[in-house]
$ cat input18.pdb   # PDB, C-alpha atoms
ATOM      1  CA  MET U  12     -15.974  22.589  40.701
ATOM      2  CA  GLU U  13     -15.762  18.880  41.305
ATOM      3  CA  ILE U  14     -12.379  17.200  41.707
ATOM      4  CA  GLU U  15     -11.865  13.784  40.160
ATOM      5  CA  LEU U  16      -8.876  11.617  40.926
ATOM      6  CA  ILE U  17      -7.294   9.563  38.216
ATOM      7  CA  THR U  18      -5.770   6.342  39.466
ATOM      8  CA  ARG U  19      -3.082   4.211  37.902
ATOM      9  CA  GLU U  20      -5.742   1.658  37.082
ATOM     10  CA  ASP U  21      -7.681   4.331  35.164
ATOM     11  CA  LEU U  22      -4.555   5.176  33.178
ATOM     12  CA  ARG U  23      -3.866   1.491  32.508
ATOM     13  CA  GLN U  24      -7.422   1.013  31.177
ATOM     14  CA  LEU U  25      -7.070   4.096  28.987
ATOM     15  CA  ARG U  26      -3.803   2.754  27.594
ATOM     16  CA  VAL U  27      -5.329  -0.635  26.828
ATOM     17  CA  GLN U  28      -8.308   0.988  25.109
ATOM     18  CA  LEU U  29      -6.090   3.307  23.046
ATOM     19  CA  LEU U  30      -3.915   0.420  21.909
ATOM     20  CA  GLU U  31      -6.987  -1.585  20.948
ATOM     21  CA  ASP U  32      -8.400   1.354  18.975
ATOM     22  CA  ILE U  33      -5.095   1.821  17.142
ATOM     23  CA  LYS U  34      -4.917  -1.890  16.274
ATOM     24  CA  GLN U  35      -8.447  -1.825  14.881
ATOM     25  CA  HIS U  36      -7.701   1.283  12.846
ATOM     26  CA  PHE U  37      -4.617  -0.216  11.220
ATOM     27  CA  ALA U  38      -6.183  -3.656  10.790
ATOM     28  CA  GLY U  39      -8.675  -2.068   8.390
ATOM     29  CA  GLN U  40      -5.874  -0.496   6.377
ATOM     30  CA  THR U  41      -3.818  -3.629   5.840
ATOM     31  CA  SER U  42      -6.325  -4.873   3.292
ATOM     32  CA  LYS U  43      -5.711  -1.667   1.319
ATOM     33  CA  LYS U  44      -2.005  -2.309   1.135
ATOM     34  CA  THR U  45      -0.487  -0.928  -2.041
ATOM     35  CA  GLU U  46       2.099  -3.137  -3.631
ATOM     36  CA  TRP U  47       4.681  -1.637  -5.930
ATOM     37  CA  LEU U  48       6.527  -3.801  -8.423
ATOM     38  CA  LYS U  49       9.862  -3.163 -10.083
ATOM     39  CA  SER U  50      10.348  -3.350 -13.839
ATOM     40  CA  ALA U  51      11.859  -6.842 -13.758
ATOM     41  CA  GLN U  52       8.852  -8.188 -11.855
ATOM     42  CA  VAL U  53       6.435  -6.570 -14.307
ATOM     43  CA  ARG U  54       8.332  -7.928 -17.308
ATOM     44  CA  ALA U  55       8.219 -11.412 -15.801
ATOM     45  CA  MET U  56       4.468 -11.151 -15.083
ATOM     46  CA  LEU U  57       3.677  -9.966 -18.593
ATOM     47  CA  SER U  58       6.412 -11.973 -20.356
ATOM     48  CA  ILE U  59       7.638  -8.901 -22.214
ATOM     49  CA  SER U  60      10.984  -7.353 -23.075
ATOM     50  CA  PRO U  61      12.412  -4.158 -21.556
ATOM     51  CA  GLY U  62      11.634  -2.331 -24.818
ATOM     52  CA  THR U  63       7.982  -3.382 -24.739
ATOM     53  CA  LEU U  64       7.687  -2.222 -21.135
ATOM     54  CA  GLN U  65       9.182   1.116 -22.152
ATOM     55  CA  THR U  66       6.616   1.409 -24.954
ATOM     56  CA  LEU U  67       3.796   0.733 -22.476
ATOM     57  CA  ARG U  68       5.153   3.526 -20.265
ATOM     58  CA  VAL U  69       5.627   5.994 -23.122
ATOM     59  CA  ASN U  70       2.205   5.510 -24.705
ATOM     60  CA  GLY U  71       0.453   5.694 -21.331
ATOM     61  CA  THR U  72      -0.863   2.147 -21.287
ATOM     62  CA  LEU U  73       0.887   1.481 -17.988
ATOM     63  CA  LYS U  74       1.245   4.152 -15.308
ATOM     64  CA  HIS U  75       4.518   4.253 -13.447
ATOM     65  CA  THR U  76       6.484   6.126 -10.834
ATOM     66  CA  LYS U  77      10.178   6.789 -11.183
ATOM     67  CA  ILE U  78      12.295   6.989  -8.059
ATOM     68  CA  GLY U  79      15.932   7.600  -8.724
ATOM     69  CA  GLY U  80      16.740   5.424 -11.711
ATOM     70  CA  SER U  81      14.098   2.776 -11.030
ATOM     71  CA  PHE U  82      10.566   2.505 -12.344
ATOM     72  CA  TYR U  83       7.786   1.212 -10.090
ATOM     73  CA  TYR U  84       4.323   0.027 -11.083
ATOM     74  CA  LEU U  85       1.201  -0.595  -9.026
ATOM     75  CA  GLN U  86       0.264  -4.252  -8.922
ATOM     76  CA  SER U  87      -3.388  -3.278  -9.336
ATOM     77  CA  ASP U  88      -2.530  -1.532 -12.643
ATOM     78  CA  ILE U  89      -0.825  -4.684 -13.901
ATOM     79  CA  GLU U  90      -3.849  -6.786 -12.905
ATOM     80  CA  THR U  91      -6.165  -4.321 -14.663
ATOM     81  CA  LEU U  92      -4.062  -4.555 -17.828
ATOM     82  CA  LEU U  93      -4.189  -8.353 -17.716
ATOM     83  CA  LYS U  94      -7.951  -8.390 -17.109
ATOM     84  CA  SER U  95      -8.594  -5.974 -19.967
ATOM     85  CA  GLY U  96      -7.389  -8.614 -22.396
ATOM     86  CA  LYS U  97      -5.063  -6.222 -24.164
ATOM     87  CA  THR U  98      -1.874  -7.952 -25.182
ATOM     88  CA  PRO U  99       1.130  -5.816 -24.366
ATOM     89  CA  ASN U 100       3.094  -7.066 -27.399
TER
END
$ encode --input "input18.pdb" --output "structure tokens"
Amino acid sequence: MEIELITREDLRQLRVQLLEDIKQHFAGQTSKKTEWLKSAQVRAMLSISPGTLQTLRVNGTLKHTKIGGSFYYLQSDIETLLKSGKTPN
């Protein structure tokens, strides 16, 4: 059995390498950032009333998530709706 000594310099290099690996890992994920929008933001983007937004939720045109009493929408879903050419009115 061979004994290897680990020096402080070895530990410092390991730390630097780990931090670099972590930064690279999370740098790739920032481009995948999911942005959630509140109802007021969605209404402003689409220029629609609260009732029209409710209709879009109810008929399944626009997916949503409800947390507490607030509705949240994925920005990518809003962009898809706009690109589809469907008018929400």
$ residues_around --input "input18.pdb" --residues "region 67-80 of chain U" --least-positions-apart "4" --cutoff "9 Å" --atoms "all atoms listed in the file" --output "ChimeraX atom specification"
/U:62-63,84-85,88-89,92,99
$ resolve_selection --input "input18.pdb" --expression "the PyMOL selection byres ((chain U and resi 51) around 12)" --output "compact mmCIF listing (two decimals) with C-alpha atoms, keeping the file's coordinate frame"
# COMPACT_ATOMS: atom_id res chain seq x y z
CA TRP U 47 4.68 -1.64 -5.93
CA LEU U 48 6.53 -3.80 -8.42
CA LYS U 49 9.86 -3.16 -10.08
CA SER U 50 10.35 -3.35 -13.84
CA GLN U 52 8.85 -8.19 -11.86
CA VAL U 53 6.44 -6.57 -14.31
CA ARG U 54 8.33 -7.93 -17.31
CA ALA U 55 8.22 -11.41 -15.80
CA MET U 56 4.47 -11.15 -15.08
CA LEU U 57 3.68 -9.97 -18.59
CA SER U 58 6.41 -11.97 -20.36
CA ILE U 59 7.64 -8.90 -22.21
CA SER U 60 10.98 -7.35 -23.08
CA PRO U 61 12.41 -4.16 -21.56
CA GLY U 62 11.63 -2.33 -24.82
CA LEU U 64 7.69 -2.22 -21.14
CA GLN U 65 9.18 1.12 -22.15
CA SER U 81 14.10 2.78 -11.03
CA PHE U 82 10.57 2.50 -12.34
CA TYR U 83 7.79 1.21 -10.09
CA TYR U 84 4.32 0.03 -11.08
$ atom_distance --input "input18.pdb" --atom1 "CA of Asp32 (chain U)" --atom2 "CA of Leu16 (chain U)"
24.2 Å
$ atom_distance --input "input18.pdb" --atom1 "CA of Leu22 (chain U)" --atom2 "CA of Phe37 (chain U)"
22.6 Å
$ atom_distance --input "input18.pdb" --atom1 "CA of Gln35 (chain U)" --atom2 "CA of Glu20 (chain U)"
22.6 Å
